[in-house]
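Student: Structure below; questions to follow.
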Amino acid sequence: MKKYFKIGFSLVSFLAVWTMASPCVAAEKFPAKSITIVAGTTPGATVDVSIRALMEPASKNLGQPLLLVNKPGGGGSVMLNGLYITKPDAYTLGVLASGYISNAHLFKVPYHPVEDFDPILQYTVPQFGLVVRPDSPFKTLKDLIIYAKANPKKIKYSTSGVGYPNHLVMMQLEEEANVKWTHVPFEGGQESMVALLGGHVDCSSQTSALKPFVMAGRARLLATYGEKRNPSFPDVPTLIEQGYNIVALSYYFIIGPKGLPKDRVKILHDAFYEGLQKPEVKKTFEQVDMAVSYRNSEDSKKAMMEIFQRSGKILEKIGKK
């Protein structure tokens with residue numbers, strides 16, 4: 001009897017120790033399989049290109065494959081809705097662009113674009129600007145504003161989507177310059193550039209997709225939307241320099257559904273952060289007119305909320321056009 005008691009006691013003790021140790025073992029094994037990253041854009045868009053550049057070194061750091069899935073539609077809402085209902089085990093992540101946050105003010109969605117997601121880190125900032133065709137009669141932003149004042153609603157401009165930073169900029173510019181023009185939204189920067197080059201719109205409020213077209217002489221840049229001039233186009237003034245106190249609110253974050261284990265967030269953060277230091281990643285970013293712009297998980301959450309609150313005030317003041 002004593003023999004069986006000793007065996008039973010030993011077994012219970014082993015199970016107790018194993019149970020206490022198992023969380024540590026599970027944490028050490030993460031990731032134990034491939035991780036899926038979902039992008040809310042079509043292949044070739046700035047979100048897609050930027051995250052692909054970062055995934056390769058991050059995958060090496062994690063020791064597991066990173067798989068990219070494109071789910072465009074609804075201004076990022078298709079991707080976010082899928083991520084919102086995903087198990088928060090850190091094996092499914094998403095890329096959050098600022099526009100996905102701001103356009104939640106415009107569309108009814110089942111999630112809160114900030115509170116219902118946990119950020120891993122902010123990794124880049126795209127450049128924005130206003131472009132026209134090379135043969136356009138508008139040589140400067142001032143030319144465009146003068147014509148728009150004399151011809152309300154006649155100027156048509158394209159963007160990569162409703163509620164995106166480049167759309168909000170044009171809404172603010174419309175307000176500050178006291179003009180009226182017509183918005184023609186598309187599913188992405190490439191599509192809106194095609195509309196411009198095809199003569200379907202007069203100008204395009206663009207994402208980083210503008211760079212190759214301007215560099216090739218197929219488009220003329222009238223203004224950029226940053227606090228400082230775009231290093232790729234140092235001769236082009238910002239909106240601020242041209243008398244309009246307007247800056248695009250635009251950042252890209254890697255996020256997961258709310259409730260991600262903190263130890264896994266750290267593992268992912270460190271892998272992506274190390275990847276951001278790679279020269280080849282920075283080179284790819286520069287090619288698509290983007291720059292490394294880092295915030296940790298906590299600061300990313302604050303930045304996301306700031307974008308949500310500031311864009312909400314802009315839309316409330318100007319009207320949800």
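All residue names refer to the structure tokens as shown: chains lettered A, B, ... in order, residues numbered from 1 in each chain, ligands numbered from 1 in order.
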From a DSSP calculation on the backbone, collect every residue of stretch 125-320 of chain A in helix (DSSP H, G or I) and output the set as number ranges by chain.
Tutor: A: 141-150, 165-177, 189-197, 210-215, 262-276, 279-287, 297-318
Student: Counting only C-alpha atoms, figure out which residue out of A:Thr124, A:Gln206, A:Asn166, A:Ser192 gets nearest to A:Asn103.
Tutor: A:Asn166
Student: Can you work out the spacing between atom CA of A:Val214 and atom CA of A:Val281 in Å, to one decimal?
Tutor: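 Spanning atom CA of A:Val214 to atom CA of A:Val281 is a straight-line distance of 22.6 Å.
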Student: Using only C-alpha atoms, find the one residue out of A:Pro134, A:Val184, A:Val288, A:Ile254 that sits nearest to A:Ala45.
Tutor: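 Of all the options, A:Val288 lies closest to A:Ala45.
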Student: Write down as a ChimeraX atom specification the residues of stretch 125-273 of chain A whose backbone DSSP state falls under strand (DSSP E or B).
Tutor: /A:125-126,129-132,156-159,182-185,203-206,220-224,238,252-257
Student: How would the residues just picked look written out with N, CA and C atoms as a compact mmCIF listing (two decimals), in the first residue's frame?
Tutor:
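Okay, selection-v1.txt is ready:
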# COMPACT_ATOMS: atom_id res chain seq x y z
N VAL A 125 6.27 55.46 -42.31
CA VAL A 125 5.39 56.58 -42.65
C VAL A 125 5.51 56.85 -44.15
N PRO A 126 4.39 56.82 -44.87
CA PRO A 126 4.43 57.12 -46.30
C PRO A 126 4.40 58.61 -46.57
N GLY A 129 1.19 63.66 -51.48
CA GLY A 129 1.29 64.90 -52.24
C GLY A 129 0.18 65.05 -53.25
N LEU A 130 0.10 66.23 -53.84
CA LEU A 130 -0.91 66.56 -54.84
C LEU A 130 -0.23 66.65 -56.20
N VAL A 131 -0.71 65.84 -57.16
CA VAL A 131 -0.09 65.80 -58.48
C VAL A 131 -1.11 66.10 -59.58
N VAL A 132 -0.56 66.61 -60.70
CA VAL A 132 -1.34 66.85 -61.91
C VAL A 132 -0.58 66.22 -63.09
N LYS A 156 -12.06 67.97 -60.39
CA LYS A 156 -12.23 66.61 -59.87
C LYS A 156 -10.87 66.07 -59.43
N TYR A 157 -10.83 65.50 -58.23
CA TYR A 157 -9.57 64.94 -57.75
C TYR A 157 -9.79 63.49 -57.31
N SER A 158 -8.80 62.66 -57.53
CA SER A 158 -8.87 61.25 -57.13
C SER A 158 -8.06 61.02 -55.86
N THR A 159 -8.45 59.98 -55.12
CA THR A 159 -7.70 59.55 -53.94
C THR A 159 -7.72 58.02 -53.90
N THR A 182 -14.70 68.23 -56.45
CA THR A 182 -15.40 66.95 -56.45
C THR A 182 -14.43 65.80 -56.21
N HIS A 183 -14.76 64.98 -55.23
CA HIS A 183 -13.92 63.84 -54.86
C HIS A 183 -14.30 62.60 -55.66
N VAL A 184 -13.29 61.92 -56.22
CA VAL A 184 -13.49 60.66 -56.95
C VAL A 184 -12.58 59.60 -56.31
N PRO A 185 -13.10 58.79 -55.38
CA PRO A 185 -12.26 57.81 -54.67
C PRO A 185 -12.05 56.52 -55.46
N CYS A 203 -6.67 66.31 -60.93
CA CYS A 203 -5.51 66.18 -60.05
C CYS A 203 -5.73 64.97 -59.16
N SER A 204 -4.67 64.56 -58.48
CA SER A 204 -4.78 63.40 -57.61
C SER A 204 -4.06 63.66 -56.30
N SER A 205 -4.79 63.46 -55.20
CA SER A 205 -4.20 63.56 -53.87
C SER A 205 -3.65 62.18 -53.55
N GLN A 206 -2.32 62.08 -53.60
CA GLN A 206 -1.69 60.78 -53.73
C GLN A 206 -0.93 60.26 -52.52
N ARG A 220 3.27 65.91 -62.38
CA ARG A 220 3.94 67.06 -61.77
C ARG A 220 3.42 67.22 -60.34
N LEU A 221 4.33 67.37 -59.40
CA LEU A 221 4.00 67.48 -57.99
C LEU A 221 3.85 68.95 -57.60
N LEU A 222 2.65 69.30 -57.08
CA LEU A 222 2.38 70.69 -56.71
C LEU A 222 2.64 70.99 -55.23
N ALA A 223 2.47 69.97 -54.39
CA ALA A 223 2.64 70.18 -52.94
C ALA A 223 2.81 68.83 -52.26
N THR A 224 3.52 68.83 -51.14
CA THR A 224 3.62 67.64 -50.32
C THR A 224 2.94 67.90 -48.98
N THR A 238 5.87 72.25 -49.10
CA THR A 238 4.77 71.62 -48.37
C THR A 238 3.55 72.53 -48.41
N TYR A 252 1.93 53.47 -40.55
CA TYR A 252 1.57 52.07 -40.70
C TYR A 252 1.98 51.32 -39.44
N PHE A 253 1.07 50.47 -38.95
CA PHE A 253 1.31 49.69 -37.74
C PHE A 253 1.11 48.20 -38.04
N ILE A 254 1.80 47.35 -37.29
CA ILE A 254 1.51 45.92 -37.29
C ILE A 254 0.71 45.64 -36.03
N ILE A 255 -0.45 45.02 -36.19
CA ILE A 255 -1.36 44.83 -35.05
C ILE A 255 -1.88 43.39 -35.00
N GLY A 256 -2.55 43.09 -33.90
CA GLY A 256 -3.25 41.82 -33.76
C GLY A 256 -4.57 42.08 -33.05
N PRO A 257 -5.41 41.07 -32.93
CA PRO A 257 -6.67 41.25 -32.20
C PRO A 257 -6.41 41.53 -30.72
Student: Separation of atom CA of A:Pro137 and atom CA of A:Gly199, in Å?
Tutor: 12.9 Å
Student: Choose the residue, out of A:Gln309, A:Gln277, A:Thr284, A:Asn151, that has the smallest atom-to-atom separation from A:Ile51; count only C-alpha atoms.
Tutor: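 Comparing A:Gln309, A:Gln277, A:Thr284, A:Asn151 against A:Ile51, the winner is A:Thr284.
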Student: Compile the contact shell of A:Gln287 as an MDAnalysis selection string: residues with an atom at most 12 Å away, counting only C-alpha atoms, same-chain residues fewer than 2 positions apart removed.
Tutor: chainID A and resid 46 49:50 53 126:127 208:212 215 231:232 280:285 289:291
Student: Quick one: residues within 12 Å of A:Glu306, only C-alpha atoms, excluding same-chain residues fewer than 2 positions away - as a list in words?
Tutor: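 Selected residues are Ser98, Ile101, Ser102, Pro113, Val114, Leu249, Ser250, Tyr251, Asp299, Ser300, Lys301, Lys302, Ala303, Met304, Phe308, Gln309, Arg310, Ser311, Gly312 and Lys313 of chain A.
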Student: Kindly save the residues from that selection, with N, CA and C atoms included, as a PDB file, in the first residue's frame.
Tutor:
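Below is the file that was written, selection_9.pdb:
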ATOM      1  N   SER A  98      -3.257  54.389 -41.302  1.00  0.00           N
ATOM      2  CA  SER A  98      -4.014  55.446 -40.626  1.00  0.00           C
ATOM      3  C   SER A  98      -5.412  55.617 -41.207  1.00  0.00           C
ATOM      4  N   ILE A 101      -8.183  53.730 -39.692  1.00  0.00           N
ATOM      5  CA  ILE A 101      -8.648  54.272 -38.416  1.00  0.00           C
ATOM      6  C   ILE A 101      -9.631  55.411 -38.657  1.00  0.00           C
ATOM      7  N   SER A 102      -9.247  56.355 -39.500  1.00  0.00           N
ATOM      8  CA  SER A 102     -10.080  57.546 -39.710  1.00  0.00           C
ATOM      9  C   SER A 102     -11.387  57.241 -40.417  1.00  0.00           C
ATOM     10  N   PRO A 113     -11.587  50.806 -34.124  1.00  0.00           N
ATOM     11  CA  PRO A 113     -10.307  50.625 -34.820  1.00  0.00           C
ATOM     12  C   PRO A 113      -9.073  50.762 -33.946  1.00  0.00           C
ATOM     13  N   VAL A 114      -9.241  51.206 -32.717  1.00  0.00           N
ATOM     14  CA  VAL A 114      -8.104  51.322 -31.800  1.00  0.00           C
ATOM     15  C   VAL A 114      -8.271  50.384 -30.602  1.00  0.00           C
ATOM     16  N   LEU A 249      -2.052  62.816 -41.590  1.00  0.00           N
ATOM     17  CA  LEU A 249      -1.878  61.903 -40.463  1.00  0.00           C
ATOM     18  C   LEU A 249      -1.717  60.496 -41.022  1.00  0.00           C
ATOM     19  N   SER A 250      -0.500  60.053 -41.188  1.00  0.00           N
ATOM     20  CA  SER A 250      -0.314  58.769 -41.863  1.00  0.00           C
ATOM     21  C   SER A 250       0.846  57.959 -41.294  1.00  0.00           C
ATOM     22  N   TYR A 251       0.512  56.787 -40.759  1.00  0.00           N
ATOM     23  CA  TYR A 251       1.510  55.846 -40.256  1.00  0.00           C
ATOM     24  C   TYR A 251       1.017  54.438 -40.526  1.00  0.00           C
ATOM     25  N   ASP A 299       3.497  53.190 -27.345  1.00  0.00           N
ATOM     26  CA  ASP A 299       3.416  54.472 -28.043  1.00  0.00           C
ATOM     27  C   ASP A 299       2.580  54.363 -29.325  1.00  0.00           C
ATOM     28  N   SER A 300       2.581  53.192 -29.937  1.00  0.00           N
ATOM     29  CA  SER A 300       1.754  52.977 -31.126  1.00  0.00           C
ATOM     30  C   SER A 300       0.277  53.091 -30.768  1.00  0.00           C
ATOM     31  N   LYS A 301      -0.094  52.535 -29.625  1.00  0.00           N
ATOM     32  CA  LYS A 301      -1.488  52.608 -29.170  1.00  0.00           C
ATOM     33  C   LYS A 301      -1.906  54.065 -28.984  1.00  0.00           C
ATOM     34  N   LYS A 302      -1.028  54.872 -28.418  1.00  0.00           N
ATOM     35  CA  LYS A 302      -1.316  56.296 -28.218  1.00  0.00           C
ATOM     36  C   LYS A 302      -1.448  57.017 -29.556  1.00  0.00           C
ATOM     37  N   ALA A 303      -0.564  56.687 -30.498  1.00  0.00           N
ATOM     38  CA  ALA A 303      -0.608  57.315 -31.822  1.00  0.00           C
ATOM     39  C   ALA A 303      -1.883  56.938 -32.556  1.00  0.00           C
ATOM     40  N   MET A 304      -2.296  55.686 -32.447  1.00  0.00           N
ATOM     41  CA  MET A 304      -3.535  55.233 -33.080  1.00  0.00           C
ATOM     42  C   MET A 304      -4.736  55.989 -32.542  1.00  0.00           C
ATOM     43  N   PHE A 308      -7.354  58.629 -34.432  1.00  0.00           N
ATOM     44  CA  PHE A 308      -8.801  58.454 -34.359  1.00  0.00           C
ATOM     45  C   PHE A 308      -9.489  59.731 -33.876  1.00  0.00           C
ATOM     46  N   GLN A 309      -8.947  60.326 -32.834  1.00  0.00           N
ATOM     47  CA  GLN A 309      -9.566  61.522 -32.260  1.00  0.00           C
ATOM     48  C   GLN A 309      -9.426  62.735 -33.173  1.00  0.00           C
ATOM     49  N   ARG A 310      -8.225  62.936 -33.740  1.00  0.00           N
ATOM     50  CA  ARG A 310      -8.004  64.100 -34.601  1.00  0.00           C
ATOM     51  C   ARG A 310      -8.784  64.006 -35.904  1.00  0.00           C
ATOM     52  N   SER A 311      -8.827  62.827 -36.496  1.00  0.00           N
ATOM     53  CA  SER A 311      -9.588  62.665 -37.734  1.00  0.00           C
ATOM     54  C   SER A 311     -11.079  62.838 -37.476  1.00  0.00           C
ATOM     55  N   GLY A 312     -11.526  62.396 -36.299  1.00  0.00           N
ATOM     56  CA  GLY A 312     -12.931  62.576 -35.942  1.00  0.00           C
ATOM     57  C   GLY A 312     -13.304  64.047 -35.844  1.00  0.00           C
ATOM     58  N   LYS A 313     -12.398  64.837 -35.263  1.00  0.00           N
ATOM     59  CA  LYS A 313     -12.653  66.278 -35.143  1.00  0.00           C
ATOM     60  C   LYS A 313     -12.678  66.951 -36.514  1.00  0.00           C
TER      61      LYS A 313
END
Student: For A:Tyr294, which of A:Ser136, A:Gln122, A:Thr207, A:Asn245 is the closest residue, counting only C-alpha atoms?
Tutor: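 Of the candidates, the smallest distance to A:Tyr294 is held by A:Gln122.
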Student: Nearest residue to A:Asp89 out of A:Gly188, A:Gly44, A:Gly259, A:Pro152, using only C-alpha atoms?
Tutor: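 Among A:Gly188, A:Gly44, A:Gly259, A:Pro152, it is A:Gly259 that comes nearest to A:Asp89.
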Student: Atom CA of A:Gly99 and atom CA of A:Tyr84 are how many Å apart?
Tutor: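 Atom CA of A:Gly99 sits 17.0 Å away from atom CA of A:Tyr84.
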Student: Between A:Ile267, A:Leu96, A:Met171, A:Ile314, single out the one closest to A:Gly75, counting only C-alpha atoms.
Tutor: A:Leu96
Student: Residues near A:Met55, anyone? I mean within 10 Å using only C-alpha atoms, not counting same-chain ones fewer than 4 positions away, as a list in words.
Tutor: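 Result of the neighbour search: Ile37, Ser50, Ile51, Ser59, Lys60, Asn61, Pro65, Leu66, Leu67, Leu68, Ala271, Phe272, Gly275, Leu276 and Val281 of chain A.
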